[in-house]
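Pasted below: upload.cif, mmCIF, C-alpha atoms and all ligand atoms.
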data_my_file
loop_
_atom_site.label_atom_id
_atom_site.label_comp_id
_atom_site.auth_asym_id
_atom_site.auth_seq_id
_atom_site.Cartn_x
_atom_site.Cartn_y
_atom_site.Cartn_z
CA MET A 5 -16.22 -22.28 20.31
CA PRO A 6 -14.87 -24.77 17.70
CA SER A 7 -11.72 -26.76 18.41
CA SER A 8 -8.72 -24.71 17.37
CA SER A 9 -5.15 -25.11 16.24
CA LEU A 10 -4.01 -21.91 17.96
CA ALA A 11 -5.42 -20.15 21.02
CA LEU A 12 -3.81 -16.91 22.18
CA ARG A 13 -4.26 -14.53 25.11
CA ALA A 14 -3.09 -10.91 24.98
CA ARG A 15 -3.31 -7.89 27.30
CA VAL A 16 -5.52 -6.21 24.72
CA ILE A 17 -6.83 -7.10 21.28
CA PHE A 18 -7.59 -4.40 18.72
CA PRO A 19 -9.84 -6.05 16.12
CA VAL A 20 -10.14 -2.70 14.21
CA ASP A 21 -13.74 -3.35 13.09
CA ALA A 22 -14.96 -3.83 16.68
CA PRO A 23 -14.16 -2.33 20.11
CA PRO A 24 -10.89 -3.38 21.80
CA VAL A 25 -10.99 -6.43 24.08
CA GLU A 26 -8.95 -6.16 27.26
CA ASN A 27 -7.55 -9.44 28.57
CA GLY A 28 -8.50 -10.78 25.15
CA ALA A 29 -8.32 -14.20 23.57
CA LEU A 30 -8.36 -15.26 19.95
CA THR A 31 -8.51 -18.74 18.48
CA VAL A 32 -7.58 -19.94 15.01
CA THR A 33 -8.90 -22.91 13.07
CA GLU A 34 -7.45 -23.91 9.71
CA GLY A 35 -5.67 -20.60 9.34
CA ARG A 36 -8.75 -18.49 9.97
CA ILE A 37 -9.96 -16.62 13.03
CA ALA A 38 -12.50 -18.80 14.80
CA TRP A 39 -13.35 -16.87 17.97
CA ILE A 40 -12.51 -13.58 19.74
CA GLY A 41 -13.56 -12.65 23.26
CA ARG A 42 -12.40 -12.15 26.81
CA ALA A 43 -9.77 -14.63 27.98
CA ASP A 44 -11.87 -15.57 31.03
CA ARG A 45 -14.64 -16.76 28.69
CA ALA A 46 -12.36 -18.86 26.49
CA GLU A 47 -12.52 -22.65 26.62
CA GLY A 48 -9.39 -24.76 26.64
CA GLU A 49 -5.81 -23.73 27.16
CA LEU A 50 -4.47 -20.41 25.89
CA ILE A 51 -0.92 -19.45 25.02
CA ASP A 52 -0.37 -16.33 27.11
CA LEU A 53 1.45 -13.75 24.99
CA GLY A 54 1.77 -11.47 28.02
CA ASP A 55 1.79 -7.66 27.94
CA VAL A 56 1.20 -7.18 24.25
CA ALA A 57 -1.37 -5.63 21.98
CA LEU A 58 -2.67 -8.10 19.38
CA LEU A 59 -3.52 -6.45 16.05
CA PRO A 60 -4.33 -7.55 12.52
CA GLY A 61 -1.39 -7.97 10.15
CA MET A 62 -0.72 -4.61 8.51
CA VAL A 63 -1.43 -3.86 4.86
CA ASN A 64 0.98 -1.85 2.71
CA ALA A 65 -1.19 -0.53 -0.12
CA HIS A 66 1.69 0.84 -2.20
CA THR A 67 5.31 -0.13 -2.64
CA HIS A 68 7.98 -0.98 -5.22
CA LEU A 69 9.95 -3.89 -3.77
CA GLU A 70 12.59 -3.75 -6.52
CA PHE A 71 14.41 -1.11 -4.43
CA SER A 72 14.31 -3.07 -1.16
CA ASP A 73 18.08 -3.65 -1.18
CA ARG A 74 18.75 0.08 -0.75
CA GLN A 75 20.06 1.16 2.63
CA LYS A 76 18.79 4.71 2.28
CA PRO A 77 16.64 6.79 -0.08
CA LEU A 78 18.07 8.03 -3.37
CA GLY A 79 19.25 11.61 -3.19
CA LYS A 80 18.95 14.20 -0.47
CA PRO A 81 15.67 14.98 1.29
CA GLY A 82 13.71 17.68 -0.53
CA LEU A 83 15.32 17.12 -3.90
CA PRO A 84 13.14 18.08 -6.89
CA PHE A 85 10.93 15.15 -7.83
CA VAL A 86 12.09 14.97 -11.46
CA GLU A 87 15.71 14.76 -10.29
CA TRP A 88 14.74 11.83 -8.13
CA ILE A 89 13.04 10.14 -11.14
CA ARG A 90 16.31 10.56 -13.06
CA ALA A 91 18.19 8.99 -10.14
CA THR A 92 15.84 5.96 -10.08
CA LEU A 93 16.27 5.52 -13.86
CA ALA A 94 20.05 5.62 -13.41
CA GLU A 95 19.81 3.14 -10.54
CA ARG A 96 17.86 0.72 -12.74
CA GLY A 97 20.39 1.24 -15.52
CA ARG A 98 23.28 0.32 -13.17
CA ARG A 99 21.54 -2.85 -12.04
CA LYS A 100 23.26 -5.83 -13.59
CA ARG A 101 20.85 -8.56 -12.57
CA SER A 102 17.13 -9.03 -12.11
CA PRO A 103 15.89 -7.39 -8.90
CA ALA A 104 14.69 -10.80 -7.62
CA LYS A 105 16.98 -10.66 -4.59
CA ALA A 106 15.76 -7.20 -3.61
CA ILE A 107 12.14 -8.28 -4.04
CA ARG A 108 12.62 -11.35 -1.83
CA SER A 109 14.39 -9.18 0.73
CA GLY A 110 11.37 -6.86 0.55
CA TYR A 111 9.05 -9.80 1.30
CA GLN A 112 11.11 -10.61 4.41
CA GLN A 113 11.39 -6.99 5.54
CA SER A 114 7.62 -6.64 5.18
CA LEU A 115 6.81 -9.77 7.14
CA THR A 116 9.22 -9.06 9.99
CA SER A 117 7.78 -5.54 10.36
CA GLY A 118 4.25 -6.95 10.59
CA VAL A 119 3.10 -6.27 7.03
CA THR A 120 1.24 -9.37 5.86
CA THR A 121 -0.35 -7.98 2.67
CA VAL A 122 1.44 -5.85 0.07
CA GLY A 123 0.26 -3.85 -2.94
CA GLU A 124 3.31 -4.11 -5.19
CA ILE A 125 4.10 -2.27 -8.42
CA VAL A 126 5.50 -4.91 -10.78
CA THR A 127 8.27 -3.81 -13.12
CA ALA A 128 10.36 -6.99 -13.39
CA ASN A 129 9.58 -10.28 -15.09
CA ALA A 130 7.36 -12.77 -13.27
CA PRO A 131 10.18 -15.09 -12.05
CA ALA A 132 11.59 -12.22 -9.94
CA TYR A 133 8.42 -12.39 -7.81
CA CYS A 134 8.47 -16.18 -7.35
CA THR A 135 9.77 -17.56 -4.10
CA ARG A 136 10.03 -20.82 -2.19
CA ASP A 137 10.13 -18.87 1.07
CA ASN A 138 7.28 -17.23 2.84
CA SER A 139 5.99 -14.03 1.34
CA PRO A 140 3.28 -11.59 2.32
CA ARG A 141 0.00 -11.87 0.44
CA LEU A 142 0.69 -10.04 -2.78
CA THR A 143 -1.42 -7.78 -4.96
CA ALA A 144 0.81 -7.42 -8.01
CA PHE A 145 -0.02 -4.36 -10.09
CA GLN A 146 1.59 -4.68 -13.51
CA GLU A 147 3.17 -1.30 -14.29
CA VAL A 148 2.49 0.16 -17.72
CA ILE A 149 4.30 3.07 -19.36
CA GLY A 150 3.37 4.52 -22.75
CA PHE A 151 3.08 8.26 -23.25
CA SER A 152 3.22 8.69 -27.02
CA ARG A 153 0.38 7.57 -29.31
CA ALA A 154 2.89 5.31 -31.09
CA ARG A 155 3.53 3.36 -27.87
CA ALA A 156 -0.08 2.79 -26.75
CA ASP A 157 -0.84 -0.48 -28.58
CA SER A 158 2.45 -2.19 -27.77
CA ALA A 159 2.28 -1.11 -24.11
CA LEU A 160 -1.20 -2.64 -23.79
CA THR A 161 -0.15 -5.88 -25.50
CA ALA A 162 2.94 -6.16 -23.28
CA ALA A 163 0.83 -5.59 -20.14
CA ILE A 164 -1.58 -8.40 -21.10
CA ALA A 165 1.37 -10.76 -21.73
CA SER A 166 3.00 -9.84 -18.40
CA LEU A 167 -0.24 -10.42 -16.48
CA HIS A 168 -0.52 -13.85 -18.12
CA GLU A 169 3.06 -14.65 -17.11
CA LEU A 170 2.44 -13.52 -13.52
CA ARG A 171 -0.60 -15.81 -13.33
CA HIS A 172 1.22 -18.78 -14.86
CA PRO A 173 4.82 -18.65 -13.59
CA HIS A 174 7.25 -21.57 -13.93
CA GLU A 175 8.28 -21.35 -10.30
CA ASP A 176 6.49 -20.97 -6.95
CA GLN A 177 4.05 -18.09 -6.84
CA PRO A 178 4.16 -15.60 -3.98
CA ASN A 179 1.53 -16.07 -1.31
CA ASP A 180 -2.11 -15.53 -2.22
CA LEU A 181 -1.49 -13.64 -5.47
CA GLN A 182 -4.02 -11.09 -6.75
CA LEU A 183 -3.33 -9.26 -10.01
CA GLY A 184 -3.94 -5.63 -10.83
CA VAL A 185 -2.89 -2.99 -13.33
CA SER A 186 -0.78 0.11 -12.74
CA PRO A 187 -0.78 2.85 -15.37
CA HIS A 188 2.28 4.58 -13.95
CA ALA A 189 1.40 8.30 -13.89
CA PRO A 190 -0.09 11.10 -16.03
CA TYR A 191 3.42 12.01 -17.24
CA THR A 192 4.07 8.49 -18.57
CA VAL A 193 0.64 7.19 -19.64
CA SER A 194 -1.60 8.92 -22.17
CA PRO A 195 -5.33 9.29 -21.43
CA PRO A 196 -6.32 6.86 -24.26
CA LEU A 197 -3.90 4.21 -22.93
CA LEU A 198 -5.23 4.79 -19.42
CA LYS A 199 -8.76 4.22 -20.73
CA SER A 200 -7.69 0.94 -22.39
CA LEU A 201 -6.06 -0.21 -19.14
CA VAL A 202 -9.14 0.66 -17.10
CA ASP A 203 -11.23 -1.36 -19.60
CA LEU A 204 -8.77 -4.26 -19.25
CA ALA A 205 -9.09 -4.11 -15.45
CA GLY A 206 -12.88 -4.08 -15.82
CA GLN A 207 -12.79 -7.28 -17.92
CA ARG A 208 -10.55 -8.93 -15.32
CA HIS A 209 -12.35 -7.50 -12.23
CA SER A 210 -8.93 -6.20 -11.17
CA PRO A 211 -7.92 -3.16 -9.16
CA VAL A 212 -6.05 -0.28 -10.82
CA THR A 213 -3.48 1.94 -9.17
CA MET A 214 -1.85 5.13 -10.49
CA HIS A 215 0.45 7.82 -9.12
CA VAL A 216 -1.53 11.06 -9.54
CA ALA A 217 -0.73 14.70 -8.67
CA GLU A 218 2.46 13.68 -6.94
CA SER A 219 4.46 16.81 -7.80
CA VAL A 220 4.04 20.41 -8.89
CA ALA A 221 6.03 19.54 -12.04
CA GLU A 222 3.29 17.09 -13.02
CA LEU A 223 0.63 19.83 -12.72
CA GLN A 224 2.77 22.08 -14.90
CA LEU A 225 3.03 19.43 -17.60
CA LEU A 226 -0.74 18.82 -17.57
CA THR A 227 -1.62 22.51 -17.54
CA ASN A 228 0.57 23.76 -20.38
CA GLY A 229 2.88 20.95 -21.54
CA THR A 230 6.05 22.56 -20.19
CA GLY A 231 8.56 22.12 -17.40
CA PRO A 232 11.00 19.47 -16.20
CA PHE A 233 8.78 16.53 -17.18
CA ARG A 234 8.55 17.79 -20.77
CA GLU A 235 12.38 17.94 -20.82
CA LEU A 236 12.67 14.43 -19.41
CA LEU A 237 10.18 13.00 -21.92
CA GLU A 238 12.00 14.72 -24.79
CA GLU A 239 15.36 13.41 -23.61
CA ARG A 240 13.97 9.88 -23.57
CA SER A 241 12.20 10.29 -26.97
CA MET A 242 8.83 9.79 -25.26
CA TRP A 243 7.33 13.23 -25.87
CA ASP A 244 4.27 13.50 -28.13
CA SER A 245 2.86 17.02 -28.42
CA GLU A 246 -0.61 15.72 -29.36
CA VAL A 247 -1.20 13.67 -26.20
CA LEU A 248 -2.13 16.35 -23.67
CA THR A 249 -4.76 18.98 -24.27
CA SER A 250 -3.85 22.32 -22.83
CA GLY A 251 -5.38 22.91 -19.40
CA SER A 252 -5.76 19.25 -18.54
CA HIS A 253 -5.89 18.33 -14.90
CA PRO A 254 -5.45 15.43 -12.43
CA LEU A 255 -9.24 15.32 -12.05
CA ASP A 256 -9.49 14.22 -15.71
CA TYR A 257 -7.45 11.15 -14.72
CA LEU A 258 -9.55 10.50 -11.62
CA ARG A 259 -12.66 10.49 -13.83
CA LEU A 260 -11.09 7.78 -16.02
CA LEU A 261 -9.91 5.80 -12.97
CA ALA A 262 -13.42 5.94 -11.49
CA GLN A 263 -14.52 3.59 -14.30
CA ALA A 264 -12.29 0.82 -12.89
CA PRO A 265 -13.75 -1.81 -10.53
CA ARG A 266 -11.45 -0.42 -7.84
CA ALA A 267 -8.95 2.43 -8.02
CA LEU A 268 -6.03 3.31 -5.74
CA VAL A 269 -4.91 6.89 -6.32
CA VAL A 270 -1.38 7.12 -4.99
CA HIS A 271 -0.09 10.33 -3.35
CA GLY A 272 -2.52 12.99 -4.63
CA ASN A 273 -0.25 15.53 -2.92
CA TYR A 274 -1.43 18.39 -5.14
CA LEU A 275 -5.05 17.48 -5.86
CA CYS A 276 -7.48 20.40 -5.76
CA ASP A 277 -10.55 20.53 -3.50
CA GLU A 278 -12.81 19.45 -6.35
CA ALA A 279 -10.66 16.35 -6.88
CA PHE A 280 -10.77 15.46 -3.17
CA CYS A 281 -14.58 15.89 -3.29
CA PHE A 282 -14.63 13.56 -6.29
CA LEU A 283 -12.65 10.96 -4.33
CA ALA A 284 -15.01 11.32 -1.36
CA ASP A 285 -18.04 10.88 -3.65
CA HIS A 286 -16.50 7.67 -5.04
CA ARG A 287 -15.13 6.36 -1.75
CA GLU A 288 -16.83 2.97 -2.16
CA HIS A 289 -14.33 2.01 -4.83
CA MET A 290 -11.72 4.79 -4.90
CA SER A 291 -9.03 5.27 -2.27
CA LEU A 292 -6.29 7.79 -1.73
CA ILE A 293 -3.03 6.09 -0.79
CA HIS A 294 -0.87 8.32 1.35
CA CYS A 295 2.81 7.43 1.88
CA PRO A 296 3.66 9.52 4.98
CA ARG A 297 7.45 9.32 5.18
CA THR A 298 7.92 9.47 1.41
CA HIS A 299 5.77 12.62 1.48
CA ALA A 300 8.09 13.97 4.18
CA PHE A 301 11.23 12.94 2.26
CA PHE A 302 10.24 15.08 -0.74
CA GLU A 303 9.16 17.92 1.58
CA HIS A 304 5.84 18.22 -0.24
CA SER A 305 3.28 20.78 0.91
CA PRO A 306 1.43 19.46 3.98
CA LEU A 307 -1.70 17.39 3.42
CA GLU A 308 -4.42 17.93 6.03
CA LEU A 309 -5.27 14.27 6.48
CA SER A 310 -7.84 14.93 9.21
CA ASP A 311 -9.75 17.28 6.86
CA LEU A 312 -9.67 14.63 4.13
CA LEU A 313 -11.04 12.02 6.53
CA ASP A 314 -13.76 14.44 7.68
CA GLN A 315 -14.61 15.12 4.07
CA GLY A 316 -15.10 11.38 3.49
CA VAL A 317 -12.00 10.53 1.44
CA HIS A 318 -11.14 6.84 1.85
CA LEU A 319 -7.55 7.05 3.09
CA ALA A 320 -5.10 4.17 3.19
CA LEU A 321 -1.36 3.91 3.74
CA GLY A 322 1.66 2.81 1.74
CA THR A 323 5.38 3.05 2.25
CA ASP A 324 6.38 3.63 -1.38
CA SER A 325 9.83 2.18 -2.03
CA ARG A 326 13.13 2.27 -0.16
CA ALA A 327 14.30 4.69 -2.85
CA SER A 328 12.28 7.35 -1.00
CA ASN A 329 11.63 5.79 2.42
CA PRO A 330 13.93 4.34 5.10
CA ASP A 331 12.06 1.01 5.39
CA LEU A 332 8.88 -0.91 4.50
CA CYS A 333 7.26 -0.69 7.93
CA ILE A 334 3.60 0.39 8.05
CA LEU A 335 3.72 0.61 11.86
CA ARG A 336 6.32 3.38 11.48
CA GLU A 337 4.08 5.07 8.89
CA MET A 338 1.23 5.01 11.43
CA GLN A 339 3.57 6.35 14.13
CA HIS A 340 4.54 9.15 11.73
CA VAL A 341 0.87 10.01 11.13
CA ALA A 342 0.23 9.96 14.89
CA ARG A 343 3.08 12.44 15.46
CA HIS A 344 2.20 14.83 12.65
CA HIS A 345 -1.60 14.66 12.65
CA PRO A 346 -2.64 14.86 16.33
CA LYS A 347 -6.27 15.56 15.36
CA ILE A 348 -6.68 12.03 13.95
CA ARG A 349 -7.89 9.48 16.50
CA PRO A 350 -5.53 6.53 17.14
CA ASP A 351 -8.16 4.00 16.04
CA ASP A 352 -8.56 5.83 12.73
CA ILE A 353 -4.78 5.71 12.23
CA LEU A 354 -4.73 1.97 12.97
CA LYS A 355 -7.57 1.51 10.48
CA MET A 356 -5.64 3.36 7.75
CA GLY A 357 -2.75 0.89 8.01
CA THR A 358 -4.94 -2.22 8.20
CA LEU A 359 -8.61 -2.41 7.20
CA ALA A 360 -8.72 0.71 4.99
CA SER A 361 -5.67 -0.48 3.04
CA ALA A 362 -7.24 -3.95 2.69
CA GLU A 363 -10.44 -2.30 1.43
CA ALA A 364 -8.42 -0.21 -1.02
CA LEU A 365 -6.93 -3.40 -2.50
CA GLY A 366 -10.32 -5.15 -2.51
CA ARG A 367 -9.17 -7.72 0.07
CA ALA A 368 -11.23 -6.70 3.08
CA THR A 369 -13.36 -9.85 3.13
CA GLN A 370 -10.14 -11.74 3.73
CA VAL A 371 -7.72 -9.56 5.75
CA GLY A 372 -7.35 -6.16 7.46
CA SER A 373 -9.22 -6.80 10.72
CA LEU A 374 -9.50 -9.47 13.40
CA THR A 375 -12.89 -10.79 12.41
CA VAL A 376 -14.22 -14.32 12.72
CA GLY A 377 -13.81 -16.04 9.36
CA LYS A 378 -10.96 -13.82 8.11
CA GLN A 379 -7.39 -15.00 7.67
CA ALA A 380 -5.46 -15.21 10.95
CA ASP A 381 -2.81 -12.66 9.96
CA LEU A 382 -1.77 -11.32 13.36
CA VAL A 383 0.90 -9.16 14.95
CA THR A 384 1.83 -8.30 18.51
CA ILE A 385 3.40 -5.13 19.85
CA PRO A 386 4.80 -5.05 23.42
CA THR A 387 2.92 -2.86 25.91
CA GLY A 388 5.15 -3.72 28.89
CA GLU A 389 6.16 -0.20 29.89
CA ILE A 390 2.75 1.27 29.26
CA ASN A 391 0.55 2.18 32.20
CA ASP A 392 -3.00 1.07 32.69
CA GLY A 393 -5.66 3.12 31.04
CA PRO A 394 -8.55 2.82 28.64
CA PRO A 395 -7.73 0.87 25.45
CA GLN A 396 -7.79 4.08 23.35
CA ALA A 397 -5.03 5.59 25.50
CA LEU A 398 -3.14 2.33 25.27
CA LEU A 399 -3.39 2.36 21.49
CA GLU A 400 -2.16 5.95 21.44
CA GLU A 401 0.83 4.89 23.53
CA VAL A 402 1.46 1.87 21.32
CA LEU A 403 1.52 4.18 18.28
CA ASN A 404 3.78 6.67 20.03
CA SER A 405 6.09 4.26 21.85
CA GLY A 406 8.17 3.38 18.80
CA GLN A 407 8.08 -0.28 19.90
CA PRO A 408 8.64 -2.63 16.99
CA VAL A 409 6.42 -5.57 16.13
CA LYS A 410 7.26 -8.62 18.26
CA GLN A 411 5.54 -11.59 16.59
CA VAL A 412 3.82 -12.13 13.26
CA TRP A 413 1.47 -14.89 12.13
CA LEU A 414 0.38 -15.47 8.55
CA ALA A 415 -2.79 -17.58 8.26
CA GLY A 416 -2.19 -18.72 11.84
CA ALA A 417 1.42 -19.83 11.25
CA LEU A 418 4.16 -18.00 13.14
CA VAL A 419 6.48 -16.28 10.67
ZN ZN B 1 5.17 4.70 -5.99
#
Would you mind giving the structure from this file in structure tokens?
Amino acid sequence: MPSSSLALRARVIFPVDAPPVENGALTVTEGRIAWIGRADRAEGELIDLGDVALLPGMVNAHTHLEFSDRQKPLGKPGLPFVEWIRATLAERGRRKRSPAKAIRSGYQQSLTSGVTTVGEIVTANAPAYCTRDNSPRLTAFQEVIGFSRARADSALTAAIASLHELRHPHEDQPNDLQLGVSPHAPYTVSPPLLKSLVDLAGQRHSPVTMHVAESVAELQLLTNGTGPFRELLEERSMWDSEVLTSGSHPLDYLRLLAQAPRALVVHGNYLCDEAFCFLADHREHMSLIHCPRTHAFFEHSPLELSDLLDQGVHLALGTDSRASNPDLCILREMQHVARHHPKIRPDDILKMGTLASAEALGRATQVGSLTVGKQADLVTIPTGEINDGPPQALLEEVLNSGQPVKQVWLAGALV
């Protein structure tokens, strides 16, 4: 056991990639996990955290921090998705300043809720993401929009310039920055532009994320080029009748995304069985990012998450933004999954919000589990009221108790 800068004892440790350790201890050296085992086998003095569960910092695989200053979602629950898109466009239009303040608030909200790594969709200029304060580790996916053929070249050029700016900002970078690319969605990015962006990601060894099959309106647009998205694109002078071939399908987009080094398919609420099979076949580098409470907010058709897991789909969790979700807390997303999907084992739910999300972002060698050598991103959740029982039952109670995160460490430093 090497000499450590931090040595903790907890009622139970859930490493995620290994069985739980009751009366567990964990030590940290130079910001990384140095040792995990039973407290009675630990050398030296331990800080006793008491009746808590010690877990890895949570990973939010999909959010838009620019809306983190909202107190509640935009619009009423169940509103048609295209109406909500119009509301977000209006919200951006009303905004007088850069969303830097909202983004920094989003960093703080994430950290205090135990989220230590964030997959963020970047829409603002690079300085809005800079901060002197602590931030979660950030995977910044540059958003790209360009539906018409006329827009494709300029959208690609602008994306390359924005990625350069994010890499070389004039102010302090957010913590541990990784860059990625986000072609927004099939109703805003043409297949040729998507292909160019996937090629760009391949050259840069970057992950790609895209909203796919989020709404029924999107399927309608792809199938026959009609419906509320067609109207919206026409209103905004974005429509190009030559872009979509009749009878196109979300699976066409998944096939393009599969060419990327790593792809995060966000939502997938209305993917067909063949598309889910495709995701399962490509699970080594393709993930489905489910945003549980955003899914509930729009009252989408239920997704049988347990069937998807059984089928082999690599499932991870995101919050989406506070324009469709009450907060940025992945623990609450896991609690929501536990309540609505009783067939899924608690350890699988914990994995979705930690290791699976880290894998989705391509960061699993670094974060997502309590593993010797990984970053010491840690959280505790009180277990005080919870009775004795096997660790699995304890984890189930932790997920169901509604207890908030108590302490958070980033690279071994208390946040
Ligand atoms: Zn989103």
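Among A:Leu292, A:Val270, A:Leu283, A:Leu359, the residue with the shortest atom-to-atom distance to ligand ZN 1 (chain B), counting all atoms listed in the file, is A:Val270.
Restricting the calculation to all atoms listed in the file, the smallest distance between Glu337 of chain A and any of A:Ala364, A:Ile390, A:Ala165, A:Cys295 is found for A:Cys295.
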Restrict the calculation to all atoms listed in the file, then for each residue of chain A with any atom at most 10 Å from an atom of ligand ZN 1 (chain B) give the closest atom pair and their distance in Å to one decimal, rows by chain and rising residue number, as JSON lines.
{"residue": "A:His66", "atom": "CA", "partner": "B:ZN1", "partner_atom": "ZN", "distance": 6.4}
{"residue": "A:Thr67", "atom": "CA", "partner": "B:ZN1", "partner_atom": "ZN", "distance": 5.9}
{"residue": "A:His68", "atom": "CA", "partner": "B:ZN1", "partner_atom": "ZN", "distance": 6.4}
{"residue": "A:Glu124", "atom": "CA", "partner": "B:ZN1", "partner_atom": "ZN", "distance": 9.0}
{"residue": "A:Ile125", "atom": "CA", "partner": "B:ZN1", "partner_atom": "ZN", "distance": 7.5}
{"residue": "A:His188", "atom": "CA", "partner": "B:ZN1", "partner_atom": "ZN", "distance": 8.5}
{"residue": "A:Ala189", "atom": "CA", "partner": "B:ZN1", "partner_atom": "ZN", "distance": 9.5}
{"residue": "A:Thr213", "atom": "CA", "partner": "B:ZN1", "partner_atom": "ZN", "distance": 9.6}
{"residue": "A:Met214", "atom": "CA", "partner": "B:ZN1", "partner_atom": "ZN", "distance": 8.3}
{"residue": "A:His215", "atom": "CA", "partner": "B:ZN1", "partner_atom": "ZN", "distance": 6.5}
{"residue": "A:Val216", "atom": "CA", "partner": "B:ZN1", "partner_atom": "ZN", "distance": 9.9}
{"residue": "A:Glu218", "atom": "CA", "partner": "B:ZN1", "partner_atom": "ZN", "distance": 9.4}
{"residue": "A:Val270", "atom": "CA", "partner": "B:ZN1", "partner_atom": "ZN", "distance": 7.1}
{"residue": "A:His271", "atom": "CA", "partner": "B:ZN1", "partner_atom": "ZN", "distance": 8.1}
{"residue": "A:Ile293", "atom": "CA", "partner": "B:ZN1", "partner_atom": "ZN", "distance": 9.8}
{"residue": "A:Cys295", "atom": "CA", "partner": "B:ZN1", "partner_atom": "ZN", "distance": 8.7}
{"residue": "A:Thr298", "atom": "CA", "partner": "B:ZN1", "partner_atom": "ZN", "distance": 9.2}
{"residue": "A:Gly322", "atom": "CA", "partner": "B:ZN1", "partner_atom": "ZN", "distance": 8.7}
{"residue": "A:Thr323", "atom": "CA", "partner": "B:ZN1", "partner_atom": "ZN", "distance": 8.4}
{"residue": "A:Asp324", "atom": "CA", "partner": "B:ZN1", "partner_atom": "ZN", "distance": 4.9}
{"residue": "A:Ser325", "atom": "CA", "partner": "B:ZN1", "partner_atom": "ZN", "distance": 6.6}
{"residue": "A:Ala327", "atom": "CA", "partner": "B:ZN1", "partner_atom": "ZN", "distance": 9.7}
{"residue": "A:Ser328", "atom": "CA", "partner": "B:ZN1", "partner_atom": "ZN", "distance": 9.1}
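Near Cys276 of chain A, within 10 Å and counting only C-alpha atoms, sit Ala217, His253, Pro254, Leu255, Gly272, Asn273, Tyr274, Glu278, Ala279, Phe280, Cys281 and Phe282 of chain A, not including residues fewer than 2 positions from it in the same chain.
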Output C-alpha atoms for every residue in the selection just made, as an mmCIF file, keeping the file's coordinate frame.
data_model
loop_
_atom_site.group_PDB
_atom_site.id
_atom_site.type_symbol
_atom_site.label_atom_id
_atom_site.label_comp_id
_atom_site.auth_asym_id
_atom_site.auth_seq_id
_atom_site.Cartn_x
_atom_site.Cartn_y
_atom_site.Cartn_z
ATOM 1 C CA ALA A 217 -0.730 14.700 -8.670
ATOM 2 C CA HIS A 253 -5.890 18.330 -14.900
ATOM 3 C CA PRO A 254 -5.450 15.430 -12.430
ATOM 4 C CA LEU A 255 -9.240 15.320 -12.050
ATOM 5 C CA GLY A 272 -2.520 12.990 -4.630
ATOM 6 C CA ASN A 273 -0.250 15.530 -2.920
ATOM 7 C CA TYR A 274 -1.430 18.390 -5.140
ATOM 8 C CA GLU A 278 -12.810 19.450 -6.350
ATOM 9 C CA ALA A 279 -10.660 16.350 -6.880
ATOM 10 C CA PHE A 280 -10.770 15.460 -3.170
ATOM 11 C CA CYS A 281 -14.580 15.890 -3.290
ATOM 12 C CA PHE A 282 -14.630 13.560 -6.290
#
Discussion item. Can you pull out the residues contacting Gly61 of chain A? Cut-off 10 Å, using only C-alpha atoms, and skip same-chain residues under 6 positions away; I want them as a ChimeraX atom specification.
Written reply: /A:115,117-121,140,334,357-359,371-374,379-384,412-415
For the residues in that selection, give me C-alpha atoms as a PDB file, keeping the file's coordinate frame.
ATOM      1  CA  LEU A 115       6.810  -9.770   7.140  1.00  0.00           C
ATOM      2  CA  SER A 117       7.780  -5.540  10.360  1.00  0.00           C
ATOM      3  CA  GLY A 118       4.250  -6.950  10.590  1.00  0.00           C
ATOM      4  CA  VAL A 119       3.100  -6.270   7.030  1.00  0.00           C
ATOM      5  CA  THR A 120       1.240  -9.370   5.860  1.00  0.00           C
ATOM      6  CA  THR A 121      -0.350  -7.980   2.670  1.00  0.00           C
ATOM      7  CA  PRO A 140       3.280 -11.590   2.320  1.00  0.00           C
ATOM      8  CA  ILE A 334       3.600   0.390   8.050  1.00  0.00           C
ATOM      9  CA  GLY A 357      -2.750   0.890   8.010  1.00  0.00           C
ATOM     10  CA  THR A 358      -4.940  -2.220   8.200  1.00  0.00           C
ATOM     11  CA  LEU A 359      -8.610  -2.410   7.200  1.00  0.00           C
ATOM     12  CA  VAL A 371      -7.720  -9.560   5.750  1.00  0.00           C
ATOM     13  CA  GLY A 372      -7.350  -6.160   7.460  1.00  0.00           C
ATOM     14  CA  SER A 373      -9.220  -6.800  10.720  1.00  0.00           C
ATOM     15  CA  LEU A 374      -9.500  -9.470  13.400  1.00  0.00           C
ATOM     16  CA  GLN A 379      -7.390 -15.000   7.670  1.00  0.00           C
ATOM     17  CA  ALA A 380      -5.460 -15.210  10.950  1.00  0.00           C
ATOM     18  CA  ASP A 381      -2.810 -12.660   9.960  1.00  0.00           C
ATOM     19  CA  LEU A 382      -1.770 -11.320  13.360  1.00  0.00           C
ATOM     20  CA  VAL A 383       0.900  -9.160  14.950  1.00  0.00           C
ATOM     21  CA  THR A 384       1.830  -8.300  18.510  1.00  0.00           C
ATOM     22  CA  VAL A 412       3.820 -12.130  13.260  1.00  0.00           C
ATOM     23  CA  TRP A 413       1.470 -14.890  12.130  1.00  0.00           C
ATOM     24  CA  LEU A 414       0.380 -15.470   8.550  1.00  0.00           C
ATOM     25  CA  ALA A 415      -2.790 -17.580   8.260  1.00  0.00           C
TER      26      ALA A 415
END
Counting only C-alpha atoms, the residue among A:Ser72, A:Thr387, A:Thr227, A:Ser139 that lies closest to Pro408 of chain A is A:Thr387
Atom CA of Thr92 of chain A to atom CA of Ala264 of chain A measures 28.7 Å
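Counting from atom CA of Met62 of chain A, the distance to atom CA of His168 of chain A is 28.2 Å.
Compared by their closest atoms to Leu332 of chain A, and using all atoms listed in the file, the residues A:Phe233, A:Tyr111, A:Phe18, A:Trp88 rank with A:Tyr111 nearest.
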